[in-house]
Structures are given as C-alpha cells and as structure tokens.
file start_23.txt (compact mmCIF, C-alpha atoms)
# COMPACT_ATOMS: atom_id res chain seq x y z
CA MET O 22 -0.23 174.89 103.76
CA ARG O 23 1.79 172.46 105.87
CA GLN O 24 3.34 175.15 108.02
CA HIS O 25 5.39 172.66 110.04
CA ASP O 26 7.24 171.71 106.84
CA VAL O 27 7.99 175.37 106.18
CA THR O 28 9.33 176.22 109.62
CA LYS O 29 11.40 173.10 110.29
CA ASN O 30 15.10 172.81 109.45
CA TYR O 31 16.43 170.46 106.79
CA PRO O 32 19.65 168.44 107.01
CA SER O 33 22.00 167.57 104.18
CA MET O 34 20.77 164.38 102.55
CA ASP O 35 22.70 161.81 100.53
CA ASP O 36 20.23 161.62 97.63
CA PRO O 37 18.98 164.50 95.49
CA ILE O 38 15.61 165.93 96.51
CA MET O 39 12.72 166.58 94.14
CA PHE O 40 10.99 169.82 95.08
CA PRO O 41 8.08 170.39 95.16
CA GLY O 42 6.89 166.83 95.55
CA THR O 43 3.10 167.11 95.71
CA HIS O 44 2.24 170.55 94.33
CA ASP O 45 3.59 173.31 92.08
CA ILE O 46 5.31 176.65 92.73
CA THR O 47 2.65 179.33 92.36
CA LYS O 48 2.18 182.95 93.33
CA ASP O 49 0.01 181.87 96.25
CA ASN O 50 2.58 179.57 97.83
CA PHE O 51 5.79 181.12 96.54
CA GLU O 52 6.94 182.56 99.88
CA ALA O 53 6.69 179.16 101.56
CA CYS O 54 8.39 177.39 98.64
CA TYR O 55 11.17 179.97 98.65
CA ILE O 56 11.83 179.45 102.37
CA VAL O 57 12.02 175.66 102.06
CA LEU O 58 14.16 175.78 98.92
CA GLU O 59 16.59 178.16 100.60
CA LYS O 60 16.92 175.83 103.58
CA LEU O 61 17.49 172.81 101.36
CA LEU O 62 20.19 174.54 99.33
CA LYS O 63 21.96 176.14 102.29
CA ALA O 64 22.20 172.70 103.89
CA GLY O 65 24.12 171.50 100.82
CA ASN O 66 21.38 169.46 99.18
CA ARG O 67 21.08 168.81 95.47
CA VAL O 68 17.58 169.83 94.40
CA LEU O 69 15.56 168.86 91.34
CA ILE O 70 13.09 171.72 90.93
CA VAL O 71 9.96 170.49 89.14
CA SER O 72 7.34 172.96 87.93
CA LYS O 73 4.92 174.11 85.28
CA PRO O 74 6.97 177.28 85.40
CA ARG O 75 5.78 180.81 85.92
CA PRO O 76 8.63 182.93 84.50
CA GLU O 77 8.69 185.65 87.14
CA LEU O 78 8.94 183.10 89.97
CA ILE O 79 11.61 180.99 88.27
CA GLU O 80 13.66 184.09 87.44
CA LYS O 81 13.66 185.16 91.10
CA ILE O 82 14.80 181.70 92.19
CA CYS O 83 17.64 181.79 89.67
CA VAL O 84 18.79 185.27 90.64
CA ASP O 85 18.57 184.78 94.40
CA PHE O 86 20.10 181.28 94.49
CA GLU O 87 22.69 181.73 91.75
CA GLU O 88 25.50 180.69 94.11
CA TYR O 89 23.90 177.23 94.42
CA LYS O 90 23.67 176.77 90.65
CA ARG O 91 25.53 173.44 90.56
CA ASN O 92 23.17 172.00 93.15
CA MET O 93 20.06 172.85 91.13
CA LEU O 94 18.44 171.09 88.19
CA PHE O 95 15.24 172.56 86.73
CA ARG O 96 12.72 170.19 85.17
CA PHE O 97 9.77 171.95 83.58
CA THR O 98 6.60 170.09 82.68
CA ILE O 99 5.60 170.85 79.09
CA GLY O 100 3.14 168.29 77.76
CA SER O 101 2.24 169.97 74.47
CA ILE O 102 3.20 172.79 72.14
CA ASN O 103 -0.51 173.64 71.75
CA ASP O 104 -2.06 176.09 74.23
CA GLY O 105 -5.54 174.76 73.56
CA ILE O 106 -4.47 171.29 74.66
CA LEU O 107 -2.52 172.62 77.65
CA SER O 108 -5.44 174.69 78.90
CA PHE O 109 -7.85 171.76 78.44
CA TRP O 110 -5.87 169.32 80.59
CA GLU O 111 -4.13 171.87 82.85
CA PRO O 112 -6.58 174.73 83.48
CA ASN O 113 -5.01 177.86 84.99
CA ALA O 114 -1.47 176.57 84.41
CA PRO O 115 1.04 178.68 82.43
CA SER O 116 0.85 178.89 78.65
CA TYR O 117 3.42 177.33 76.36
CA GLU O 118 4.97 180.76 75.77
CA GLU O 119 5.38 181.30 79.52
CA ARG O 120 6.97 177.90 80.03
CA MET O 121 9.38 178.50 77.16
CA LYS O 122 10.26 181.92 78.53
CA ALA O 123 11.20 180.33 81.85
CA LEU O 124 13.19 177.59 80.13
CA LEU O 125 15.16 180.10 78.04
CA PHE O 126 15.97 182.22 81.09
CA VAL O 127 17.24 179.24 83.07
CA TYR O 128 19.27 177.92 80.13
CA LYS O 129 20.82 181.25 79.18
CA ASN O 130 21.86 181.85 82.77
CA GLY O 131 23.83 178.64 82.96
CA PHE O 132 21.55 176.43 85.04
CA ARG O 133 20.89 172.78 84.29
CA THR O 134 17.74 172.33 82.23
CA SER O 135 15.42 169.41 81.71
CA VAL O 136 11.84 169.00 80.50
CA SER O 137 9.21 166.46 81.44
CA ILE O 138 6.79 165.61 78.65
CA GLU O 139 4.79 163.59 81.13
CA PRO O 140 2.00 163.27 80.62
CA MET O 141 2.37 163.38 76.84
CA LEU O 142 -0.74 165.39 75.91
CA ASP O 143 -0.33 165.56 72.13
CA ALA O 144 1.31 162.44 70.71
CA ASP O 145 0.65 163.55 67.14
CA HIS O 146 3.02 166.49 67.53
CA ILE O 147 5.57 165.10 69.97
CA GLU O 148 8.43 165.60 67.50
CA ASP O 149 7.50 169.26 67.00
CA LEU O 150 7.64 169.77 70.74
CA VAL O 151 10.97 167.96 71.16
CA ASN O 152 12.51 169.91 68.27
CA ASP O 153 11.30 173.21 69.71
CA LEU O 154 12.79 172.42 73.13
CA SER O 155 16.02 170.66 72.25
CA ASP O 156 18.28 173.71 71.75
CA PHE O 157 17.62 174.80 75.34
CA ILE O 158 18.12 171.47 77.10
CA ASN O 159 21.49 170.57 78.61
CA HIS O 160 20.38 167.57 80.67
CA SER O 161 17.38 165.57 79.42
CA ILE O 162 13.86 165.37 78.08
CA TRP O 163 11.69 162.77 79.79
CA ILE O 164 8.70 161.37 77.92
CA GLY O 165 5.90 159.51 79.67
CA THR O 166 2.26 158.59 79.37
CA MET O 167 -0.84 159.88 81.13
CA ASN O 168 -1.61 157.37 83.86
CA HIS O 169 -4.80 156.65 85.85
CA MET O 170 -7.01 157.22 82.83
CA TRP O 171 -9.93 155.75 84.76
CA TYR O 172 -10.04 159.01 86.69
CA PHE O 173 -11.60 160.69 83.62
CA ASP O 174 -14.33 158.10 82.97
CA VAL O 175 -17.60 159.67 81.79
CA ASP O 176 -18.93 156.79 79.69
CA ILE O 177 -21.70 155.33 81.84
CA LYS O 178 -23.03 152.98 79.14
CA ASN O 179 -19.74 151.15 78.63
CA ALA O 180 -18.61 151.00 82.26
CA LYS O 181 -17.41 147.49 83.09
CA THR O 182 -17.91 147.55 86.86
CA ASP O 183 -20.31 149.07 89.35
CA LYS O 184 -17.48 151.20 90.69
CA GLY O 185 -16.63 152.42 87.19
CA ARG O 186 -20.27 153.20 86.48
CA SER O 187 -20.56 155.16 89.72
CA ARG O 188 -17.42 157.14 88.90
CA ALA O 189 -18.67 157.96 85.41
CA GLU O 190 -22.04 159.06 86.79
CA THR O 191 -20.31 161.30 89.35
CA ASN O 192 -18.07 162.86 86.69
CA ARG O 193 -20.96 163.52 84.32
CA ALA O 194 -23.06 165.02 87.09
CA TYR O 195 -20.21 167.35 88.00
CA LEU O 196 -19.22 168.37 84.47
CA GLY O 197 -22.55 168.36 82.70
CA LYS O 198 -23.27 166.73 79.35
CA GLN O 199 -21.37 169.13 77.08
CA LYS O 200 -18.11 169.11 79.03
CA SER O 201 -18.41 165.36 79.62
CA ASP O 202 -18.72 164.72 75.89
CA ILE O 203 -15.67 166.92 75.22
CA LEU O 204 -13.70 165.09 77.92
CA LYS O 205 -14.67 161.73 76.41
CA ILE O 206 -13.22 162.82 73.06
CA GLY O 207 -10.06 164.16 74.71
CA LYS O 208 -9.58 160.98 76.73
CA LYS O 209 -9.94 158.83 73.61
CA LYS O 210 -7.34 160.96 71.83
CA ILE O 211 -4.87 160.47 74.68
CA GLU O 212 -5.48 156.71 74.75
CA GLU O 213 -4.93 156.42 71.00
CA GLY O 214 -1.74 158.46 71.22
CA GLN O 215 -0.26 156.24 73.90
CA SER O 216 -1.29 152.87 72.50
CA GLN O 217 1.50 150.31 72.50
CA ASP O 218 1.89 150.52 68.73
CA ASN O 219 2.08 154.30 68.76
CA LEU O 220 4.55 154.36 71.65
CA LYS O 221 6.81 152.05 69.64
CA LYS O 222 6.63 154.44 66.68
CA ILE O 223 7.43 157.46 68.87
CA TYR O 224 10.35 155.60 70.43
CA ALA O 225 11.73 154.64 67.02
CA ARG O 226 11.57 158.24 65.78
CA LEU O 227 13.12 159.87 68.85
CA LYS O 228 15.46 157.30 70.43
CA ASP O 229 18.57 158.46 68.56
CA LYS O 230 18.25 162.19 69.24
CA LYS O 231 21.26 163.68 71.02
CA LEU O 232 21.82 166.54 73.41
CA LYS O 233 22.99 169.61 71.56
CA ASP O 234 26.71 169.43 70.65
CA THR O 235 27.18 166.05 72.36
CA ASP O 236 26.85 162.33 71.75
CA GLU O 237 24.69 161.94 74.86
CA PRO O 238 21.05 160.85 74.48
CA LEU O 239 18.49 163.65 74.66
CA ILE O 240 15.43 161.53 75.42
CA ARG O 241 14.79 159.42 78.48
CA TRP O 242 11.76 157.18 78.76
CA LYS O 243 9.37 156.66 81.65
CA TRP O 244 8.42 153.16 82.66
CA HIS O 245 5.20 152.69 80.64
CA ILE O 246 7.05 153.47 77.43
CA ARG O 247 10.02 151.32 78.43
CA LYS O 248 7.61 148.45 78.99
CA ALA O 249 5.85 149.02 75.66
CA VAL O 250 9.09 148.90 73.66
CA GLY O 251 10.74 146.10 75.64
CA LEU O 252 13.39 148.11 77.48
CA PRO O 253 14.48 147.01 80.97
CA GLN O 254 13.24 149.08 83.84
CA PRO O 255 15.90 151.12 85.70
CA ASP O 256 17.34 149.39 88.74
CA GLY O 257 18.00 152.62 90.63
CA PRO O 258 17.07 156.30 90.88
CA GLU O 259 18.13 158.88 88.33
CA GLN O 260 21.76 159.86 88.80
CA TRP O 261 22.69 163.45 89.49
CA PRO O 262 24.61 164.98 86.56
CA VAL O 263 28.38 165.09 86.83
CA ASP O 264 30.04 168.47 86.24

call {"tool": "encode", "arguments": {"input": "start_23.txt", "output": "structure tokens"}}
result
Amino acid sequence: MRQHDVTKNYPSMDDPIMFPGTHDITKDNFEACYIVLEKLLKAGNRVLIVSKPRPELIEKICVDFEEYKRNMLFRFTIGSINDGILSFWEPNAPSYEERMKALLFVYKNGFRTSVSIEPMLDADHIEDLVNDLSDFINHSIWIGTMNHMWYFDVDIKNAKTDKGRSRAETNRAYLGKQKSDILKIGKKKIEEGQSQDNLKKIYARLKDKKLKDTDEPLIRWKWHIRKAVGLPQPDGPEQWPVD
C-alpha cells in the first residue's frame, strides 16, 4: 500500500483520470481506493474507473458517489464469456456472472458503462461475448490483444535466445511439467486467435456494430488491432463523453 498516495490531497486536473492505474479494486484495498476516489471526485475530476468488478464493491461506489455520476465512467475488464478461460488466465478474479452483475447494476442505475475485452482471451467466441454485453453498454467496448506473450514462455527446446531459454526454464521450474504443458497450449491458442489474419476477420465481423438505439460505433480497437487492419493510430487520448 502506498499510504502517501492515500493520505495526500488531489487537485482538479484538466484530463480525465484512469483509476486504479496499476492494480484492481479488491476487498483488501477497498478502503484505500474509496478514500482516493472520493478525493478525486470531490475535487471535480472526471474518473475512468477500471476494474475486474466485484459487484458488492462497485454497488457501494455507485450508491455513495451517485451525485458525481456524470464525472464517472466505468470500464470493466471482461476477456471471455467462459469461466474456465477466465479462471485460467485470471486466477482469483471475479467470475463472468459477477462481472455481468456489476455491469447490469451500473447500467440500470444510469452510470456510463464500457467494457474492455483486453486482453481478448477467447477469440473464437468474441462475437458471443460482444452480443451478450451490448445491451448494457452506453459508451464503448474496447477490444485488444494480449501483449508481452514472451512472459509465458515455457518451451525450452524452441527458445531462440539465451535469455528466452532462461525464462522458459524458470517458468517450467516454477509451474512444474503438467501446468507448463497446459500453459503452452493456452498460449498457442491465444497466439492463433490474435494472428493478423484472424484479427482482420474479427474486425470485419464487428466493425459495423452500433451502440444500442444509436448510430454510434459500439466497438473501439486497441493499437495492435488497428495496426493489423491498417487503421491509423489515434493522435490523442480518448475523449470524455459529452452529455
């Protein structure tokens, strides 16, 4: 816990603030997160709240900070509709049902809602996930790839560098053979799902989807996908929604 960041005061800033920036909102750190969020909102800041949401914590934030509703945008990370896949890549994080429960509560209580499908954990069923979410989104769905795939290297035999071989050896020693073999399969599945050809197919199938009851685009694309399909990279930060 960075206690100095909890106790200090926060000014009003020109640009929206993503919170949290380097962690999630959990039961263990909720009191500290609550204090900082309250300070940010009371100072007049616009806050993008990013979380793999735990419903009871999100509901308390909504109820207690309802008066700051227009200065809050919730973006929940939901990388798959499949709990088996979620628990594999995000152990101890909320289930799909819990994340959906939080999303429905926020949406039904009039807050801005967005979802981050980044990393995309199940490319084969990305449309199922988007379709399941879309009725409860009033801002955007962001889709992006899993980056830093080297972090999960466990294939010692095919390592291309000494550093890569050392990393694979360390991972296998930590995980053991059985878990390493499972991780190798999971990593390959992710890589196949976010190949350039597959990203182009996903883009083609989803690019024309609209926000419910509007002509505004539902899907926004992170930079790896934009690069894969030949879209220009954004020349500025995401704009805060206009009322």

call {"tool": "residues_around", "arguments": {"input": "start_23.txt", "residues": "stretch 57-74 of chain O", "least_positions_apart": "4", "cutoff": "10 Å", "atoms": "all atoms listed in the file", "output": "MDAnalysis selection string"}}
result
chainID O and resid 26:42 44:47 51:53 78:80 82 85:86 88:100 111 114:117 119:124 133:137 261

call {"tool": "residues_around", "arguments": {"input": "start_23.txt", "residues": "O:Ser187", "least_positions_apart": "3", "cutoff": "12 Å", "atoms": "only C-alpha atoms", "output": "list in words"}}
result
Trp171, Tyr172, Asp174, Val175, Asp176, Ile177, Lys178, Asn179, Ala180, Lys181, Thr182, Asp183, Lys184, Glu190, Thr191, Asn192, Arg193 and Ala194 of chain O

call {"tool": "atom_distance", "arguments": {"input": "start_23.txt", "atom1": "atom CA of O:Leu154", "atom2": "atom CA of O:Asp104"}}
result
15.3 Å

call {"tool": "closest_residue", "arguments": {"input": "start_23.txt", "among": "O:Lys209, O:Lys243, O:Lys222, O:Lys81", "to": "O:Ile138", "atoms": "only C-alpha atoms"}}
result
O:Lys243

call {"tool": "closest_residue", "arguments": {"input": "start_23.txt", "among": "O:Leu204, O:Ile162, O:Ile147, O:Val250", "to": "O:Lys221", "atoms": "all atoms listed in the file"}}
result
O:Val250

call {"tool": "atom_distance", "arguments": {"input": "start_23.txt", "atom1": "atom CA of O:Asn113", "atom2": "atom CA of O:Glu213"}}
result
25.6 Å

call {"tool": "residues_near_point", "arguments": {"input": "start_23.txt", "point": "(0.8, 162.0, 68.2)", "cutoff": "12 Å", "atoms": "all atoms listed in the file", "output": "list in words"}}
result
Gly100, Ser101, Ile102, Met141, Leu142, Asp143, Ala144, Asp145, His146, Ile147, Glu148, Asp149, Leu150, Thr166, Lys210, Ile211, Glu212, Glu213, Gly214, Gln215, Ser216, Asp218, Asn219, Leu220, Lys221, Lys222, Ile223, Tyr224 and Arg226 of chain O

call {"tool": "atom_distance", "arguments": {"input": "start_23.txt", "atom1": "atom CA of O:Glu139", "atom2": "atom CA of O:Gly165"}}
result
4.5 Å

call {"tool": "closest_residue", "arguments": {"input": "start_23.txt", "among": "O:Phe109, O:Leu232, O:Pro262, O:Asn152", "to": "O:Lys200", "atoms": "all atoms listed in the file"}}
result
O:Phe109

call {"tool": "closest_residue", "arguments": {"input": "start_23.txt", "among": "O:Val127, O:Met167, O:Ile246, O:Ile203", "to": "O:Arg75", "atoms": "all atoms listed in the file"}}
result
O:Val127

call {"tool": "closest_residue", "arguments": {"input": "start_23.txt", "among": "O:Met22, O:Leu196, O:Val84, O:Leu239", "to": "O:Thr43", "atoms": "all atoms listed in the file"}}
result
O:Met22
